[in-house]
>>> print(open('query15.cif').read())   # mmCIF, C-alpha atoms and all ligand atoms
data_input
#
loop_
_atom_site.label_atom_id
_atom_site.label_comp_id
_atom_site.auth_asym_id
_atom_site.auth_seq_id
_atom_site.Cartn_x
_atom_site.Cartn_y
_atom_site.Cartn_z
CA MET A 1250 -10.21 20.22 -3.00
CA ASN A 1251 -12.74 18.77 -0.60
CA ARG A 1252 -14.87 16.03 -2.10
CA ALA A 1253 -18.58 16.07 -1.44
CA LYS A 1254 -18.44 12.30 -0.91
CA PRO A 1255 -15.76 10.25 0.83
CA LEU A 1256 -13.47 8.44 -1.62
CA PRO A 1257 -14.61 4.81 -2.08
CA LEU A 1258 -11.77 2.36 -1.30
CA VAL A 1259 -11.24 -1.37 -1.41
CA VAL A 1260 -8.34 -2.67 0.68
CA LEU A 1261 -6.55 -5.94 -0.15
CA ILE A 1262 -4.70 -7.79 2.60
CA SER A 1263 -2.97 -11.10 3.30
CA GLY A 1264 -2.14 -10.86 6.97
CA SER A 1265 -2.16 -8.80 10.12
CA GLY A 1266 -3.65 -5.69 8.53
CA SER A 1267 -1.88 -3.11 10.66
CA ASN A 1268 -1.78 -0.77 7.66
CA LEU A 1269 -5.50 -1.35 7.20
CA GLN A 1270 -5.89 -0.40 10.87
CA ALA A 1271 -3.97 2.83 10.28
CA ILE A 1272 -6.45 3.72 7.53
CA ILE A 1273 -9.44 2.79 9.73
CA ASP A 1274 -7.97 4.98 12.50
CA GLY A 1275 -7.43 7.72 9.92
CA VAL A 1276 -11.13 7.67 9.06
CA ALA A 1277 -11.95 8.09 12.76
CA LYS A 1278 -9.70 11.19 12.68
CA GLY A 1279 -11.39 12.67 9.60
CA LEU A 1280 -9.80 10.96 6.58
CA GLN A 1281 -12.49 11.31 3.91
CA VAL A 1282 -12.64 7.73 2.61
CA ASP A 1283 -15.30 5.03 2.62
CA ILE A 1284 -13.69 1.60 3.03
CA ARG A 1285 -16.29 -0.40 1.12
CA ALA A 1286 -14.62 -3.79 1.54
CA VAL A 1287 -11.56 -5.61 2.79
CA ILE A 1288 -10.57 -8.60 0.67
CA SER A 1289 -8.03 -11.21 1.76
CA ASN A 1290 -6.46 -14.03 -0.23
CA GLN A 1291 -5.79 -15.79 3.11
CA PRO A 1292 -8.65 -17.06 5.26
CA GLY A 1293 -8.60 -16.40 8.99
CA VAL A 1294 -6.06 -13.59 9.07
CA PHE A 1295 -6.17 -10.92 11.78
CA GLY A 1296 -6.78 -8.13 9.25
CA LEU A 1297 -10.24 -9.60 8.54
CA GLN A 1298 -11.06 -9.38 12.24
CA ARG A 1299 -9.93 -5.75 12.32
CA ALA A 1300 -12.27 -4.99 9.41
CA GLU A 1301 -15.20 -6.78 11.03
CA GLU A 1302 -14.64 -4.89 14.27
CA ALA A 1303 -14.82 -1.65 12.29
CA GLY A 1304 -18.04 -2.77 10.58
CA ILE A 1305 -16.44 -3.09 7.14
CA PRO A 1306 -17.66 -5.86 4.79
CA THR A 1307 -15.04 -8.60 4.32
CA ARG A 1308 -14.48 -11.18 1.60
CA VAL A 1309 -12.01 -14.04 1.31
CA LEU A 1310 -10.87 -15.08 -2.16
CA ASP A 1311 -8.47 -17.93 -1.50
CA HIS A 1312 -5.83 -18.26 -4.23
CA LYS A 1313 -5.60 -22.00 -3.43
CA ASP A 1314 -9.03 -22.44 -5.04
CA PHE A 1315 -7.62 -21.36 -8.42
CA HIS A 1316 -5.24 -23.15 -10.79
CA GLN A 1317 -4.05 -20.17 -12.81
CA ARG A 1318 -2.86 -16.77 -11.68
CA GLU A 1319 -4.95 -15.18 -14.49
CA GLU A 1320 -8.12 -16.92 -13.29
CA TYR A 1321 -7.55 -15.69 -9.74
CA ASP A 1322 -6.90 -12.12 -10.80
CA GLU A 1323 -10.01 -12.07 -13.01
CA ALA A 1324 -12.15 -13.26 -10.11
CA LEU A 1325 -10.47 -10.75 -7.80
CA GLN A 1326 -11.10 -7.92 -10.26
CA SER A 1327 -14.81 -8.81 -10.52
CA LEU A 1328 -15.09 -8.96 -6.75
CA ILE A 1329 -13.33 -5.62 -6.24
CA ASP A 1330 -15.41 -3.93 -8.93
CA GLU A 1331 -18.66 -4.98 -7.26
CA PHE A 1332 -17.75 -2.38 -4.63
CA ARG A 1333 -16.99 0.34 -7.22
CA PRO A 1334 -13.85 1.76 -5.60
CA ASP A 1335 -12.07 4.85 -6.92
CA LEU A 1336 -8.86 3.60 -5.30
CA VAL A 1337 -7.56 0.11 -4.53
CA ILE A 1338 -5.14 -0.19 -1.63
CA LEU A 1339 -2.67 -3.06 -1.38
CA ALA A 1340 -1.92 -3.32 2.33
CA GLY A 1341 0.38 -6.27 2.79
CA PHE A 1342 -1.27 -8.12 -0.12
CA MET A 1343 1.40 -10.69 -0.83
CA ARG A 1344 0.60 -11.67 -4.41
CA ILE A 1345 2.29 -11.08 -7.73
CA LEU A 1346 -0.33 -9.43 -9.95
CA THR A 1347 -1.00 -10.11 -13.64
CA SER A 1348 -0.56 -7.29 -16.16
CA GLY A 1349 -4.25 -7.26 -17.10
CA PHE A 1350 -5.22 -6.73 -13.47
CA VAL A 1351 -2.64 -4.00 -12.94
CA ARG A 1352 -3.62 -2.19 -16.15
CA HIS A 1353 -7.29 -2.27 -15.14
CA TYR A 1354 -6.43 -0.23 -12.03
CA ALA A 1355 -3.80 2.01 -13.63
CA GLY A 1356 -3.52 5.27 -11.71
CA ARG A 1357 -5.94 4.04 -9.04
CA MET A 1358 -4.02 1.40 -7.11
CA PHE A 1359 -1.41 2.02 -4.38
CA ASN A 1360 1.04 -0.34 -2.71
CA ILE A 1361 3.16 0.06 0.38
CA HIS A 1362 6.54 -1.58 0.57
CA PRO A 1363 8.91 -1.88 3.54
CA SER A 1364 12.04 -0.37 1.99
CA LEU A 1365 13.30 2.82 0.42
CA LEU A 1366 12.54 1.79 -3.15
CA PRO A 1367 14.16 1.19 -5.60
CA LYS A 1368 16.29 -0.52 -2.96
CA PHE A 1369 15.19 -3.98 -1.77
CA ARG A 1370 12.22 -4.92 -3.90
CA GLY A 1371 10.61 -8.25 -2.96
CA LEU A 1372 10.88 -10.02 0.39
CA HIS A 1373 13.08 -9.90 3.53
CA THR A 1374 13.78 -6.20 3.05
CA HIS A 1375 14.86 -5.53 6.65
CA GLN A 1376 17.44 -8.31 6.82
CA ARG A 1377 18.80 -7.31 3.42
CA ALA A 1378 19.14 -3.69 4.55
CA LEU A 1379 21.08 -4.87 7.63
CA ASP A 1380 23.26 -7.23 5.58
CA ASP A 1381 24.13 -4.38 3.20
CA GLY A 1382 25.13 -2.12 6.09
CA GLU A 1383 22.52 0.53 5.24
CA ILE A 1384 22.44 3.60 7.47
CA LEU A 1385 18.95 4.58 6.35
CA HIS A 1386 16.00 2.29 5.72
CA GLY A 1387 12.26 2.94 5.56
CA ALA A 1388 9.03 2.54 3.66
CA SER A 1389 7.58 3.66 0.32
CA VAL A 1390 4.09 4.21 -1.08
CA HIS A 1391 3.82 3.96 -4.85
CA PHE A 1392 1.35 3.62 -7.70
CA VAL A 1393 1.22 0.01 -8.87
CA THR A 1394 2.51 -0.78 -12.33
CA GLU A 1395 3.43 -4.05 -14.00
CA GLU A 1396 6.94 -3.93 -12.56
CA LEU A 1397 6.99 -5.64 -9.12
CA ASP A 1398 7.54 -2.98 -6.40
CA GLY A 1399 8.60 -0.71 -9.24
CA GLY A 1400 5.78 1.80 -9.82
CA PRO A 1401 6.10 5.58 -9.54
CA LEU A 1402 6.93 6.63 -5.99
CA ILE A 1403 4.60 8.94 -4.06
CA VAL A 1404 6.06 9.22 -0.56
CA GLN A 1405 8.80 7.66 1.54
CA ALA A 1406 9.58 7.80 5.25
CA GLN A 1407 13.07 7.01 6.45
CA VAL A 1408 14.26 5.39 9.67
CA ARG A 1409 17.81 5.34 10.92
CA VAL A 1410 19.37 1.87 11.24
CA GLU A 1411 20.78 1.44 14.77
CA THR A 1412 23.97 -0.52 15.46
CA ASP A 1413 22.14 -3.04 17.65
CA ASP A 1414 19.19 -3.55 15.26
CA ASP A 1415 17.98 -6.95 14.19
CA ALA A 1416 15.42 -7.46 11.41
CA GLU A 1417 12.53 -7.61 13.87
CA ARG A 1418 13.36 -4.36 15.67
CA LEU A 1419 13.99 -2.58 12.41
CA ALA A 1420 10.74 -3.92 10.91
CA ALA A 1421 8.77 -2.60 13.89
CA ARG A 1422 10.15 0.93 13.45
CA VAL A 1423 9.56 0.84 9.69
CA LEU A 1424 5.98 -0.37 10.24
CA LYS A 1425 5.27 2.67 12.46
CA ARG A 1426 6.39 4.90 9.60
CA GLU A 1427 4.21 2.90 7.16
CA HIS A 1428 1.20 3.69 9.32
CA GLN A 1429 1.99 7.39 8.95
CA ILE A 1430 2.63 7.65 5.22
CA TYR A 1431 -0.12 5.37 3.89
CA PRO A 1432 -3.04 7.44 5.25
CA LEU A 1433 -1.23 10.58 4.08
CA ALA A 1434 -0.92 9.39 0.45
CA ILE A 1435 -4.56 8.27 0.52
CA ARG A 1436 -5.60 11.67 1.86
CA TRP A 1437 -3.78 13.47 -0.97
CA PHE A 1438 -5.59 11.25 -3.50
CA ALA A 1439 -8.96 11.71 -1.77
CA GLU A 1440 -8.45 15.47 -1.82
CA GLY A 1441 -7.84 15.37 -5.57
CA ARG A 1442 -4.25 16.59 -5.10
CA LEU A 1443 -2.50 13.43 -6.32
CA ALA A 1444 -2.67 11.62 -9.66
CA LEU A 1445 -0.65 9.63 -12.15
CA ASN A 1446 -0.52 11.32 -15.56
CA ALA A 1447 -0.63 9.67 -19.00
CA GLN A 1448 3.18 9.61 -19.06
CA GLY A 1449 3.22 7.64 -15.80
CA ARG A 1450 4.51 10.57 -13.73
CA VAL A 1451 3.24 11.45 -10.28
CA ILE A 1452 1.47 14.80 -10.08
CA LEU A 1453 1.07 16.35 -6.63
CA ASP A 1454 -0.60 19.74 -6.20
CA GLY A 1455 -0.34 20.34 -9.95
CA ARG A 1456 3.41 19.70 -10.11
CA GLU A 1457 5.21 16.74 -11.62
CA GLN A 1458 7.26 15.05 -8.88
CA LYS A 1459 10.87 14.44 -9.87
CA GLN A 1460 11.24 12.39 -6.70
CA PRO A 1461 8.86 11.20 -3.98
CA VAL A 1462 8.02 13.34 -0.98
CA ILE A 1463 10.63 12.19 1.56
CA PHE A 1464 10.38 12.36 5.34
CA THR A 1465 13.79 12.07 6.99
CA PRO A 1466 14.07 10.05 10.24
CA GLU A 1467 13.69 13.22 12.32
CA GLN A 1468 10.70 14.58 10.41
CA VAL A 1469 7.15 14.13 11.63
CA VAL A 1470 4.84 12.92 8.86
CA GLY A 1471 1.88 15.17 8.16
C1 LIG B 1 3.96 -4.34 5.65
O1 LIG B 1 5.24 -4.18 6.20
C2 LIG B 1 3.98 -4.02 4.17
O2 LIG B 1 4.84 -2.97 3.83
C3 LIG B 1 4.47 -5.32 3.59
O3 LIG B 1 3.78 -6.30 4.33
C4 LIG B 1 3.53 -5.80 5.65
C5 LIG B 1 2.06 -5.95 5.94
O4 LIG B 1 1.78 -5.63 7.26
N1 LIG B 1 4.21 -5.42 2.19
C6 LIG B 1 5.06 -5.94 1.32
O5 LIG B 1 6.11 -6.45 1.62
C7 LIG B 1 4.59 -5.87 -0.14
N2 LIG B 1 5.68 -6.07 -1.02
P1 LIG B 1 0.28 -5.38 7.73
O6 LIG B 1 -0.53 -6.59 7.26
O7 LIG B 1 0.39 -5.35 9.22
O8 LIG B 1 -0.21 -4.10 7.15
#
>>> encode(input="query15.cif", output="structure tokens", more="lines below")
Ligand code: GAR
Amino acid sequence: MNRAKPLPLVVLISGSGSNLQAIIDGVAKGLQVDIRAVISNQPGVFGLQRAEEAGIPTRVLDHKDFHQREEYDEALQSLIDEFRPDLVILAGFMRILTSGFVRHYAGRMFNIHPSLLPKFRGLHTHQRALDDGEILHGASVHFVTEELDGGPLIVQAQVRVETDDDAERLAARVLKREHQIYPLAIRWFAEGRLALNAQGRVILDGREQKQPVIFTPEQVVG
């Protein structure tokens, strides 16, 4: 389905914003989304500069100005909703979210995580994959639910772990894959092909997904 209007998005970041850049580049290549705002909880991060260079409105909502997590999330929700997005994109947004916030965006918020979930939720995923002697590692895009890094999986891209890898080299290869699968998942949603049903299952092209779409290390994403 082609939408008459580009899908309105708000993107949340905390850092470099390379995933944000992949979405901006996707728009230049025809991805039908309208990035209405980029919001960061960290002032001065490079992702804000990327947004400004692309002419996208930016906002900083610094979590250090708030005493309670609930207060911050309420303010964040009000700020996001001013831009009326149909989809909220967490792109390296390094905050634990309250249940009220997550419920408000049920079925319309994505996260990207640098591991093949359910493996390695949380931080330091690349080092943990190396320490566990994994042969395959990668990235996952999922709908956000109240469980941290635990929501229904949409798509994963794998990378092969090389014998001489360190966390930094591995992270760089995973990040490249992130930049491929995030715009893809957003495109599916924008085209009306992807949804979360009332039972919390991922529906793609009318079919309930028993597992995410998986790209093996050799497969080109697209
Ligand atoms: C990405 O690797 C993303 O998967 C990760 O933060 C990085 C942000 O990079 N997110 C998480 O770990 C969330 N649990 P970016 O700012 O360059 O897009």
>>> residues_around(input="query15.cif", residues="region 1255-1269 of chain A", least_positions_apart="3", cutoff="9 Å", atoms="all atoms listed in the file", output="ChimeraX atom specification")
/A:1252,1272-1274,1280-1297,1299-1300,1329-1330,1332-1344,1361,1424,1427-1428,1431-1432,1438-1440
>>> write_last_selection(input="query15.cif", atoms="C-alpha atoms", output="compact mmCIF listing (two decimals), keeping the file's coordinate frame")
# COMPACT_ATOMS: atom_id res chain seq x y z
CA ARG A 1252 -14.87 16.03 -2.10
CA ILE A 1272 -6.45 3.72 7.53
CA ILE A 1273 -9.44 2.79 9.73
CA ASP A 1274 -7.97 4.98 12.50
CA LEU A 1280 -9.80 10.96 6.58
CA GLN A 1281 -12.49 11.31 3.91
CA VAL A 1282 -12.64 7.73 2.61
CA ASP A 1283 -15.30 5.03 2.62
CA ILE A 1284 -13.69 1.60 3.03
CA ARG A 1285 -16.29 -0.40 1.12
CA ALA A 1286 -14.62 -3.79 1.54
CA VAL A 1287 -11.56 -5.61 2.79
CA ILE A 1288 -10.57 -8.60 0.67
CA SER A 1289 -8.03 -11.21 1.76
CA ASN A 1290 -6.46 -14.03 -0.23
CA GLN A 1291 -5.79 -15.79 3.11
CA PRO A 1292 -8.65 -17.06 5.26
CA GLY A 1293 -8.60 -16.40 8.99
CA VAL A 1294 -6.06 -13.59 9.07
CA PHE A 1295 -6.17 -10.92 11.78
CA GLY A 1296 -6.78 -8.13 9.25
CA LEU A 1297 -10.24 -9.60 8.54
CA ARG A 1299 -9.93 -5.75 12.32
CA ALA A 1300 -12.27 -4.99 9.41
CA ILE A 1329 -13.33 -5.62 -6.24
CA ASP A 1330 -15.41 -3.93 -8.93
CA PHE A 1332 -17.75 -2.38 -4.63
CA ARG A 1333 -16.99 0.34 -7.22
CA PRO A 1334 -13.85 1.76 -5.60
CA ASP A 1335 -12.07 4.85 -6.92
CA LEU A 1336 -8.86 3.60 -5.30
CA VAL A 1337 -7.56 0.11 -4.53
CA ILE A 1338 -5.14 -0.19 -1.63
CA LEU A 1339 -2.67 -3.06 -1.38
CA ALA A 1340 -1.92 -3.32 2.33
CA GLY A 1341 0.38 -6.27 2.79
CA PHE A 1342 -1.27 -8.12 -0.12
CA MET A 1343 1.40 -10.69 -0.83
CA ARG A 1344 0.60 -11.67 -4.41
CA ILE A 1361 3.16 0.06 0.38
CA LEU A 1424 5.98 -0.37 10.24
CA GLU A 1427 4.21 2.90 7.16
CA HIS A 1428 1.20 3.69 9.32
CA TYR A 1431 -0.12 5.37 3.89
CA PRO A 1432 -3.04 7.44 5.25
CA PHE A 1438 -5.59 11.25 -3.50
CA ALA A 1439 -8.96 11.71 -1.77
CA GLU A 1440 -8.45 15.47 -1.82
>>> atom_distance(input="query15.cif", atom1="CA of Ala1416 (chain A)", atom2="CA of His1373 (chain A)")
8.6 Å
>>> atom_distance(input="query15.cif", atom1="CA of His1391 (chain A)", atom2="CA of Gly1371 (chain A)")
14.1 Å
>>> closest_residue(input="query15.cif", among="A:Gly1382, A:Gly1400, A:Pro1461, A:Gly1275", to="Val1351 (chain A)", atoms="all atoms listed in the file")
A:Gly1400
>>> residues_around(input="query15.cif", residues="Val1451 (chain A)", least_positions_apart="6", cutoff="8 Å", atoms="only C-alpha atoms", output="list in words")
Pro1401, Leu1402, Ile1403, Leu1443, Ala1444, Leu1445, Glu1457 and Gln1458 of chain A
>>> closest_residue(input="query15.cif", among="A:Val1276, A:Met1358, A:Leu1346, A:Ala1253", to="Arg1436 (chain A)", atoms="all atoms listed in the file")
A:Val1276
>>> closest_residue(input="query15.cif", among="A:Gly1399, A:Gly1356, A:Pro1306, A:Gly1449", to="ligand LIG 1 (chain B)", atoms="only C-alpha atoms and all ligand atoms")
A:Gly1399
>>> atom_distance(input="query15.cif", atom1="CA of Ser1348 (chain A)", atom2="atom C7 of ligand LIG 1 (chain B)")
16.9 Å
>>> closest_residue(input="query15.cif", among="A:Glu1319, A:Glu1301, A:Asp1381, A:Asp1398", to="ligand LIG 1 (chain B)", atoms="only C-alpha atoms and all ligand atoms")
A:Asp1398
>>> closest_residue(input="query15.cif", among="A:Leu1325, A:Val1423, A:Leu1310, A:Ile1463", to="ligand LIG 1 (chain B)", atoms="all atoms listed in the file")
A:Val1423
>>> residues_near_point(input="query15.cif", point="(-2.6, -11.1, -8.2)", cutoff="7 Å", atoms="all atoms listed in the file", output="list of chain:residue names")
A:Arg1318, A:Tyr1321, A:Asp1322, A:Arg1344, A:Ile1345, A:Leu1346, A:Thr1347
>>> closest_residue(input="query15.cif", among="A:Glu1411, A:Ser1327, A:Gln1429, A:Ala1388", to="Gln1270 (chain A)", atoms="only C-alpha atoms")
A:Gln1429
>>> axis_aligned_box(input="query15.cif", around="ligand LIG 1 (chain B)", padding_each_side="3 Å", output="AutoDock Vina command-line options")
--center_x 2.8 --center_y -4.8 --center_z 4.1 --size_x 12.6 --size_y 9.6 --size_z 16.2
>>> build_atoms(input="query15.cif", residues="region 1272-1283 of chain A", atoms="N, CA and C atoms", output="compact mmCIF listing (two decimals), in the coordinates of the input")
# COMPACT_ATOMS: atom_id res chain seq x y z
N ILE A 1272 -5.48 3.01 8.37
CA ILE A 1272 -6.45 3.72 7.53
C ILE A 1272 -7.79 3.84 8.27
N ILE A 1273 -8.20 2.75 8.93
CA ILE A 1273 -9.44 2.79 9.73
C ILE A 1273 -9.33 3.89 10.80
N ASP A 1274 -8.18 3.95 11.47
CA ASP A 1274 -7.97 4.98 12.50
C ASP A 1274 -7.96 6.37 11.86
N GLY A 1275 -7.43 6.44 10.64
CA GLY A 1275 -7.43 7.72 9.92
C GLY A 1275 -8.85 8.21 9.67
N VAL A 1276 -9.72 7.30 9.32
CA VAL A 1276 -11.13 7.67 9.06
C VAL A 1276 -11.74 8.25 10.34
N ALA A 1277 -11.43 7.60 11.47
CA ALA A 1277 -11.95 8.09 12.76
C ALA A 1277 -11.45 9.50 13.04
N LYS A 1278 -10.27 9.85 12.45
CA LYS A 1278 -9.70 11.19 12.68
C LYS A 1278 -10.02 12.14 11.53
N GLY A 1279 -10.93 11.72 10.62
CA GLY A 1279 -11.39 12.67 9.60
C GLY A 1279 -10.93 12.40 8.18
N LEU A 1280 -10.19 11.31 7.95
CA LEU A 1280 -9.80 10.96 6.58
C LEU A 1280 -11.08 10.66 5.78
N GLN A 1281 -11.23 11.38 4.65
CA GLN A 1281 -12.49 11.31 3.91
C GLN A 1281 -12.52 10.14 2.93
N VAL A 1282 -12.53 8.91 3.47
CA VAL A 1282 -12.64 7.73 2.61
C VAL A 1282 -13.72 6.80 3.17
N ASP A 1283 -14.27 6.01 2.26
CA ASP A 1283 -15.30 5.03 2.62
C ASP A 1283 -14.72 3.66 2.27
